[in-house]
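Have a look at run-v5.txt below; it lists compact mmCIF, C-alpha atoms and all ligand atoms.
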# COMPACT_ATOMS: atom_id res chain seq x y z
CA MET A 16 39.99 22.39 30.84
CA THR A 17 39.77 20.20 33.92
CA ALA A 18 40.30 16.46 34.04
CA ALA A 19 36.60 16.00 34.77
CA THR A 20 35.66 17.97 31.67
CA THR A 21 38.07 15.97 29.56
CA HIS A 22 36.71 12.71 30.95
CA GLU A 23 33.13 13.78 30.30
CA SER A 24 33.84 14.81 26.73
CA ARG A 25 35.58 11.48 26.05
CA ASP A 26 32.62 9.48 27.35
CA ARG A 27 29.95 11.40 25.49
CA PRO A 28 29.96 11.44 21.72
CA SER A 29 29.91 14.87 20.17
CA ALA A 30 26.70 16.23 18.70
CA GLU A 31 28.28 15.74 15.27
CA ILE A 32 28.90 12.04 15.94
CA GLN A 33 25.42 11.59 17.38
CA ASP A 34 23.85 13.32 14.37
CA MET A 35 25.79 11.07 11.99
CA HIS A 36 24.70 8.01 13.98
CA HIS A 37 21.08 9.12 13.73
CA ALA A 38 21.43 9.66 9.99
CA LEU A 39 23.13 6.29 9.39
CA THR A 40 20.65 4.30 11.48
CA SER A 41 17.75 6.17 9.88
CA LEU A 42 19.15 5.33 6.44
CA ILE A 43 19.27 1.66 7.40
CA GLU A 44 15.68 1.84 8.65
CA GLU A 45 14.50 3.49 5.43
CA LEU A 46 16.18 0.78 3.34
CA VAL A 47 14.62 -1.94 5.47
CA ALA A 48 11.25 -0.24 4.95
CA VAL A 49 11.80 -0.24 1.17
CA ASP A 50 12.51 -3.96 1.30
CA THR A 51 9.51 -4.64 3.55
CA TYR A 52 7.08 -2.79 1.28
CA GLU A 53 8.60 -4.50 -1.74
CA ASP A 54 8.04 -7.92 -0.15
CA ARG A 55 4.46 -7.08 0.81
CA LEU A 56 3.39 -5.64 -2.52
CA HIS A 57 4.57 -8.78 -4.31
CA THR A 58 2.56 -11.05 -2.04
CA THR A 59 -0.70 -9.09 -1.79
CA THR A 60 -3.64 -10.21 -3.90
CA ASP A 61 -5.41 -6.84 -3.89
CA ASP A 62 -4.49 -4.39 -6.68
CA ASP A 63 -5.45 -1.29 -4.68
CA LEU A 64 -3.37 -2.37 -1.71
CA ARG A 65 -0.48 -3.16 -4.08
CA SER A 66 -0.63 0.42 -5.38
CA VAL A 67 -0.65 1.85 -1.87
CA LEU A 68 2.30 -0.29 -0.85
CA ALA A 69 4.23 0.67 -3.99
CA ASN A 70 3.61 4.33 -3.19
CA HIS A 71 4.87 3.81 0.36
CA ARG A 72 7.94 1.95 -0.90
CA ASP A 73 8.81 4.80 -3.23
CA GLU A 74 8.39 7.36 -0.44
CA GLU A 75 10.87 5.36 1.66
CA LYS A 76 13.31 5.47 -1.24
CA GLU A 77 12.97 9.24 -1.27
CA HIS A 78 13.62 9.37 2.47
CA ALA A 79 16.69 7.17 2.05
CA CYS A 80 18.05 9.42 -0.70
CA MET A 81 17.59 12.53 1.44
CA LEU A 82 19.48 10.90 4.30
CA LEU A 83 22.26 9.74 2.00
CA GLU A 84 22.64 13.26 0.69
CA TRP A 85 22.79 14.63 4.26
CA ILE A 86 25.51 12.08 5.05
CA ARG A 87 27.40 12.88 1.84
CA ARG A 88 27.50 16.57 2.65
CA ARG A 89 29.08 15.91 6.04
CA ASP A 90 31.37 12.94 5.38
CA PRO A 91 34.18 13.51 2.87
CA GLU A 92 34.80 9.75 2.52
CA PHE A 93 31.19 9.08 1.56
CA ASP A 94 31.27 12.12 -0.71
CA GLY A 95 34.29 10.83 -2.60
CA LEU A 96 32.97 7.27 -2.85
CA LEU A 97 29.53 8.30 -4.00
CA ARG A 98 31.07 10.55 -6.63
CA ARG A 99 33.19 7.59 -7.79
CA PHE A 100 30.45 4.95 -7.87
CA LEU A 101 27.17 6.69 -8.67
CA PHE A 102 25.73 7.65 -12.05
CA ARG A 103 28.24 5.66 -14.08
CA ALA A 104 27.59 3.31 -16.95
CA ASP A 105 30.74 1.16 -16.65
CA PRO A 106 30.68 -2.05 -14.56
CA ILE A 107 30.42 -1.18 -10.86
CA ALA A 108 32.93 -3.82 -9.70
CA ARG A 109 35.67 -2.44 -11.96
CA SER A 110 36.18 0.46 -9.57
CA GLU A 111 39.13 0.33 -7.19
CA PRO A 112 38.42 -0.97 -3.66
CA ALA A 113 37.48 1.74 -1.20
CA ARG A 114 39.97 2.82 1.43
CA GLY A 115 39.07 1.49 4.87
CA ASP A 116 37.54 -1.76 3.61
CA HIS A 117 40.40 -3.89 4.90
CA HIS A 118 38.13 -5.98 7.12
CA GLN A 119 36.10 -7.30 4.16
CA THR A 120 37.05 -9.91 1.61
CA GLY A 121 37.27 -8.83 -2.00
CA GLU A 122 33.91 -10.41 -2.81
CA GLU A 123 32.19 -8.77 0.16
CA ARG A 124 33.68 -5.41 -0.73
CA HIS A 125 32.38 -5.54 -4.28
CA LEU A 126 28.95 -6.88 -3.37
CA GLY A 127 28.47 -4.65 -0.34
CA ILE A 128 27.67 -7.69 1.80
CA GLY A 129 28.83 -5.99 4.97
CA ALA A 130 26.17 -3.32 4.57
CA LEU A 131 23.52 -5.90 3.72
CA ARG A 132 24.32 -7.84 6.89
CA GLY A 133 23.55 -4.73 8.92
CA ILE A 134 20.22 -4.31 7.18
CA ASP A 135 19.37 -7.99 7.65
CA ARG A 136 20.30 -7.78 11.33
CA LEU A 137 18.02 -4.76 11.82
CA ARG A 138 15.16 -6.55 10.04
CA ARG A 139 15.57 -9.59 12.27
CA GLU A 140 15.66 -7.41 15.39
CA ARG A 141 12.40 -5.77 14.33
CA SER A 142 10.74 -9.11 13.66
CA GLY A 143 11.58 -10.26 17.18
CA GLU A 144 13.65 -13.17 15.94
CA GLU A 145 15.77 -14.68 18.68
CA ILE A 146 19.37 -13.53 18.45
CA SER A 147 20.56 -17.08 19.24
CA ASP A 148 18.95 -18.24 15.94
CA TRP A 149 21.03 -15.85 13.85
CA VAL A 150 23.80 -17.14 11.66
CA ASP A 151 25.99 -14.37 10.36
FE FE A 201 10.59 6.87 5.73
As structure tokens, please, write out the structure in this file.
Ligand SMILES: [Fe+2]
Amino acid sequence: MTAATTHESRDRPSAEIQDMHHALTSLIEELVAVDTYEDRLHTTTDDDLRSVLANHRDEEKEHACMLLEWIRRRDPEFDGLLRRFLFRADPIARSEPARGDHHQTGEERHLGIGALRGIDRLRRERSGEEISDWVD
């Protein structure tokens, strides 16, 4: 392997990393879409439109679940965490903190605020809100 090849491979993410990025950003977009449809169906005055929007919202949930499953199958950390947190009846916050969450406070870790900030940021980007107006 030449130095040029090494340099090129360091600068360009692998196909695996790119695929995971596409899956993660698509998951965020699907969740934002769920939230958008949810907001709209609660403010519409037309029952037929409300039904259409509810149908769309539920389809976005399905898309999000498919992406999450794709991610789970390829990321052992997600796989382990999802197995630990999903489909349980005991209080969610009683689970041990996840490894790799050192940058979050205890409250943020348990509430998933870090993930919600990403979704809120994406929503604001889509709405065209000025970045200088953001308070994170
Ligand atoms: Fe979708």
Within 12 Å of ligand FE 201 (chain A) (only C-alpha atoms and all ligand atoms), residues as a compact mmCIF listing (two decimals) with C-alpha atoms, in the coordinates of the input:
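Saved to selection12.txt:
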# COMPACT_ATOMS: atom_id res chain seq x y z
CA ALA A 38 21.43 9.66 9.99
CA THR A 40 20.65 4.30 11.48
CA SER A 41 17.75 6.17 9.88
CA LEU A 42 19.15 5.33 6.44
CA ILE A 43 19.27 1.66 7.40
CA GLU A 44 15.68 1.84 8.65
CA GLU A 45 14.50 3.49 5.43
CA LEU A 46 16.18 0.78 3.34
CA VAL A 47 14.62 -1.94 5.47
CA ALA A 48 11.25 -0.24 4.95
CA VAL A 49 11.80 -0.24 1.17
CA ASP A 50 12.51 -3.96 1.30
CA THR A 51 9.51 -4.64 3.55
CA TYR A 52 7.08 -2.79 1.28
CA ASN A 70 3.61 4.33 -3.19
CA HIS A 71 4.87 3.81 0.36
CA ARG A 72 7.94 1.95 -0.90
CA ASP A 73 8.81 4.80 -3.23
CA GLU A 74 8.39 7.36 -0.44
CA GLU A 75 10.87 5.36 1.66
CA LYS A 76 13.31 5.47 -1.24
CA GLU A 77 12.97 9.24 -1.27
CA HIS A 78 13.62 9.37 2.47
CA ALA A 79 16.69 7.17 2.05
CA CYS A 80 18.05 9.42 -0.70
CA MET A 81 17.59 12.53 1.44
CA LEU A 82 19.48 10.90 4.30
Practice task
Measure the distance from CA of Leu96 (chain A) to CA of Glu53 (chain A) in Å and round it to one decimal.
Solution key: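 Straight-line distance from CA of Leu96 (chain A) to CA of Glu53 (chain A) works out to 27.1 Å.
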Handout entry: Interatomic distance, CA of Asp90 (chain A) to CA of His37 (chain A) (Å, one decimal)
Key = 13.8 Å
Practice task
Rounded to one decimal place, report the CA of Ile86 (chain A)-CA of Pro28 (chain A) distance in Å.
Solution key: 17.3 Å
Box for region 52-57 of chain A - axis-aligned, 8 Å on each of the six sides, all listed atoms - centre and size in Å to one decimal, as lines of an AutoDock Vina configuration file.
center_x = 6.0
center_y = -5.8
center_z = -1.5
size_x = 21.2
size_y = 22.0
size_z = 21.6
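The nearest approach to Asp34 (chain A) among the residues A:Ile107, A:Asp63, A:His57, A:Trp85, with only C-alpha atoms taken into account, belongs to A:Trp85.
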